[in-house]
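**Student:** Can you keep this structure in mind? I'll have questions shortly.
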Amino acid sequence: MKKICIALFFLIILSQSLLSAQEDIIILPDITTYIDSTVEQRQVFTAEDIADSNAESLNDFLESEGMQILTYGAYGLEAKPSIRGFTDETVRVFIDGVCVNNPQYGTTDFTSINIDDIEKIEIVRGGFSEKPGDEGAVGGTIYITTKKQSVQKSFTSDSSVKTFFNLNFPLDTFSQSLNYDTPLTDTSSLKLSLKGTFAENLFLFNNYQNKIKQRENSRVIDGSAGIKYLNFFGDGNSFSIGDNFYIGNKNCPGSENSTNIGLQKDYDNNLTINLYNPAVLDCLKMNNTLAWLYTLRFYDDTLGHTEHYINTIKYKGTIETKPASFYSQNAGLLINLIDLQSTTDGNHFLFEFALTETSTFTFLDHYTISIPLIFKTSGKNCAFIPKLGLKADWKYLDLILNFYRMVQFPNMDDLYWEDSVYHGNPDLKEESGWGAEFTANIFDCLSLCTFTNYYENKIQWAGNMPQNVSSAFYLGFDLIFKKSFFDGRLNLSANAEYLYTSLLNKNSPGTYGKRIMWTPDWTGSVTAKWKDKNYNIWINGSYVGKRYTSNANIYFMEPYFLLNAGGQMDIFTDNFIFTPYLKLSNILNTDYEAVENYPVPRISLTLGLKFGTRSR
C-alpha cells in the first residue's frame with residue numbers, strides 16, 4: 001500500500017511538472033494559496049509575537065494568550081489545549097497543512113514542536129473552517145506554519161537557563177536551539193534546526209496536607225532536529241522535502257500523592273514531501289503533500305511495560321481556481337493509512353478518506369457566501385459535514401454568520417483498548433453535533449463572537465468500556481482585541497471567553513443539567529508590550545475560572561490568575577545581533593493546579609541570550 005501511494009504521488013509530480021513547464025513567464029492568476037479567511041473568526045500570532053514572548057514551548061505561549069491548557073506538570077509533561085470546552089482530539093492541530101493529532105489517543109504533544117521554528121499560528125475556534133483539505137474539527141483548529149528558508153545564509157542561536165528559586169537546586173532547566181539557513185543554488189536552499197532541553201522540574205508546591213513539598217521524579221530530557229530542502233523550478237513552482245525528528249525521555253510522576261512513577265520514552269519522525277504548482281494552465285493552483293508520520297512510545301510503571309508503534313501515511317491534494325471575479329472554488333482529497341501495533345490496543349489497520357470542497361461567492365464587493373462541504377470516512381464510520389458562512393463587509397464593520405455540523409470519530413484507544421479491566425468498543429459511532437456563531441469585527445481591532453453548540457453521542461467510559469452516551473449544550477462568546485499606539489511602539493492585546501455548558505443525559509440524573517467537568521466559566525488574557533528600536537518590555541496576565549472536578553458538580557477548583565513579564569534588548573554589531581532577555585513567570589507566586597492533584601510550578605525566572613547573523 002505504501003508503494004502504491006508513493007507511486008501515485010510521483011505520478012502527480014510528473015504530470016504537474018509537464019503542465020507547468022513553459023519557457024515564457026507566466027502571469028499568475030488572481031487566486032491565493034488558501035481562500036482568504038473572510039468568513040471565519042481567526043486569531044493570528046506571528047513569529048515576532050512568539051519571539052518577543054520568549055516562551056519555552058507552544059503550551060507556554062498559548063497559555064499566556066488566554067487559552068486553557070490542562071497541564072499535568074512542568075516542561076515536557078502532558079498538556080492539552082482546550083477551546084470552547086472541547087479538548088483532546090476535538091482540537092485539530094495542523095503543521096504546514098498536515099494534521100498531526102495522534103490517531104491512537106487523539107492529542108498532540110506540543111513539546112515535540114520546535115517553537116523557534118514557527119512562523120505563524122492561526123487559531124480558528126469552533127467547527128467552521130474554509131481551509132482546503134481540512135479534516136474537520138469540533139472545538140477548534142490550530143494551524144501552524146513553519147519558517148521558510150532564507151534567501152541568504154543566516155544563523156541563529158537561543159540559549160536559556162531557568163530557576164524555580166529552589167535553594168536545593170537553583171538552576172533547573174537548560175535549553176539550547178540552533179537554526180541555520182543557506183542557499184545551495186540560485187533556485188534551491190537548505191534549512192537546519194536543532195533544539196535540546198534538560199529540565200529537572202524540581203519546583204516547590206503546596207501539597208494536599210498544606211505542606212511545602214518538592215516535586216520530584218519529573219525530569220525531562222528531550223531534543224528535536226529538522227532539515228528541509230526547497231527547490232524552485234520556474235514559474236513559481238516549488239518542490240520541498242523535510243524531516244523533523246523528536247526524542248523525549250520523560251519521568252511522569254502522576255498525581256502528587258501517587259507512588260506509580262512512570263518513565264515515558266517518545267520517538268517521533270515526520271517526513272513530508274510537497275509539490276506546489278501555482279499556475280497550472282494559467283488558471284489552477286495545485287498543492288500535493290505526502291507525509292509519513294512515525295510514532296514510537298515506551299512506557300514503564302509499577303503496572304508493567306507498554307509499547308505503541310504507529311505508522312501513518314498521509315496524502316493531501318488540493319486544487320483551487322477562480323473562474324470568475326465573484327466565484328472561487330477549491331477541492332481537496334485526503335487519504336490516511338494508519339498501522340498501529342500496541343501492547344494495549346493490539347495490531348490494527350485503519351483507513352481514513354475525505355473529500356472536501358468549498359465554493360465562495362462574492363456579491364457587490366461587500367457580501368460573501370462560503371459553502372465548505374466534507375465527506376469523511378474512518379474505519380466503518382462515515383459522515384457528511386456541511387457548513388455555511390455568510391459575511392457582510394463594510395469599511396469599519398464586518399458581520400459574519402456561520403452554521404456548521406461537528407463530527408469527531410473515535411480514536412484507536414476507544415476502539416481497541418484491552419486490559420484485565422477495561423475493554424475498547426469497536427462498535428462506537430462518531431460523536432456529532434451542530435453549531436452556529438455570529439461574529440462582528442469592528443475597526444480591524446476588535447472581534448466579538450457569540451456561539452452555541454449542541455453535541456451528542458459523546459464517547460464516555462461507562463462501566464468498563466466506552467459508549468456513545470453523553471450529550472451537552474454549549475453557549476458562550478469570544479472577544480479578541482489588538483491595537484497599536486504611538487507609531488507601533490505600544491501594543492495592547494486581550495482576549496476572553498465565557499462558556500456555559502449543560503449536560504443533557506437523562507439516563508444520568510446526578511449529572512443532568514450540570515456543567516461539564518474541567519470547563520471554566522471564564523478564560524482570558526491581557527498583554528501590554530512596549531517595543532522600540534533596540535528593546536522591548538512586556539507584561540501579561542492570564543485568567544482561568546472555576547472548574548468542577550466531576551460532572552456531578554460537587555467539588556470545584558478555584559480560579560487562578562497568572563502574571564508574567566519580560567524584556568529583551570538588541571545589541572548590534574556590523575555582522576551580528578546579540579539579544580539578552582529575561583522572563584518572570586507566575587510573578588505573584590500563585591499556588592494553583594490546572595488539573596486536580598497535579599502540581600505545576602509557581603514563580604520562575606528565565607535568563608537567555610539570542611545570537612544571530614545580520615542581513616546586509
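Labeling convention for the C-alpha cells: chains A, B, ... as they appear, residues from 1 per chain, ligands from 1 in order of appearance.
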For the structure I just gave you, how does DSSP split region 553-592 of chain A - specifically, which residues are strand (DSSP E)? Reply as a ChimeraX atom specification.
**Tutor:** /A:556-557,560-569,571-572,576-585
**Student:** If you count only C-alpha atoms, which residues fall within 7 Å of Glu431 (chain A), apart from same-chain ones fewer than 6 positions away, as an mmCIF file with N, CA and C atoms, in the first residue's frame?
**Tutor:**
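The resulting file, part-v2.cif, is shown below:
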```cif
data_model
loop_
_atom_site.group_PDB
_atom_site.id
_atom_site.type_symbol
_atom_site.label_atom_id
_atom_site.label_comp_id
_atom_site.auth_asym_id
_atom_site.auth_seq_id
_atom_site.Cartn_x
_atom_site.Cartn_y
_atom_site.Cartn_z
ATOM 1 N N VAL A 407 -18.261 16.785 13.755
ATOM 2 C CA VAL A 407 -18.130 15.327 13.791
ATOM 3 C C VAL A 407 -16.754 14.964 14.324
ATOM 4 N N GLN A 408 -16.721 14.017 15.251
ATOM 5 C CA GLN A 408 -15.456 13.505 15.767
ATOM 6 C C GLN A 408 -15.520 11.979 15.790
ATOM 7 N N PHE A 409 -14.603 11.322 15.084
ATOM 8 C CA PHE A 409 -14.565 9.869 15.040
ATOM 9 C C PHE A 409 -13.822 9.326 16.262
ATOM 10 N N GLU A 456 -23.864 15.555 20.714
ATOM 11 C CA GLU A 456 -24.434 14.302 21.195
ATOM 12 C C GLU A 456 -23.552 13.126 20.801
ATOM 13 N N ASN A 457 -23.897 11.971 21.351
ATOM 14 C CA ASN A 457 -23.135 10.737 21.125
ATOM 15 C C ASN A 457 -21.685 10.866 21.585
ATOM 16 N N LYS A 458 -21.441 11.763 22.540
ATOM 17 C CA LYS A 458 -20.096 11.915 23.085
ATOM 18 C C LYS A 458 -19.642 10.598 23.706
ATOM 19 N N ILE A 459 -18.417 10.198 23.376
ATOM 20 C CA ILE A 459 -17.885 8.928 23.885
ATOM 21 C C ILE A 459 -17.477 9.095 25.338
#
```
**Student:** If you count only C-alpha atoms, which residues fall within 9 Å of Tyr299 (chain A), apart from same-chain ones fewer than 3 positions away, as a PyMOL selection string?
**Tutor:** chain A and resi 262-266+304-308
**Student:** Which is closest to Leu448 (chain A) among A:Glu352, A:Arg42, A:Ser82, A:Gln467, if we use only C-alpha atoms?
**Tutor:**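 Looking at the shortest contact to Leu448 (chain A), the residue is A:Arg42.
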**Student:** Just how far from CA of Tyr498 (chain A) is CA of Ile516 (chain A), in Å to one decimal?
**Tutor:** 13.8 Å
**Student:** Have a look at A:Pro580, A:Pro170, A:Gly97, A:Pro278 and name the one nearest to Asp134 (chain A); count only C-alpha atoms.
**Tutor:**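 With only C-alpha atoms as the atom set, the closest residue is A:Gly97.
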**Student:** I need the residue nearest Gly541 (chain A) from this list: A:Leu582, A:Ala496, A:Ile319, A:Leu337. Use only C-alpha atoms for the distance.
**Tutor:**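 Distance minimum relative to Gly541 (chain A) lands on A:Ala496.
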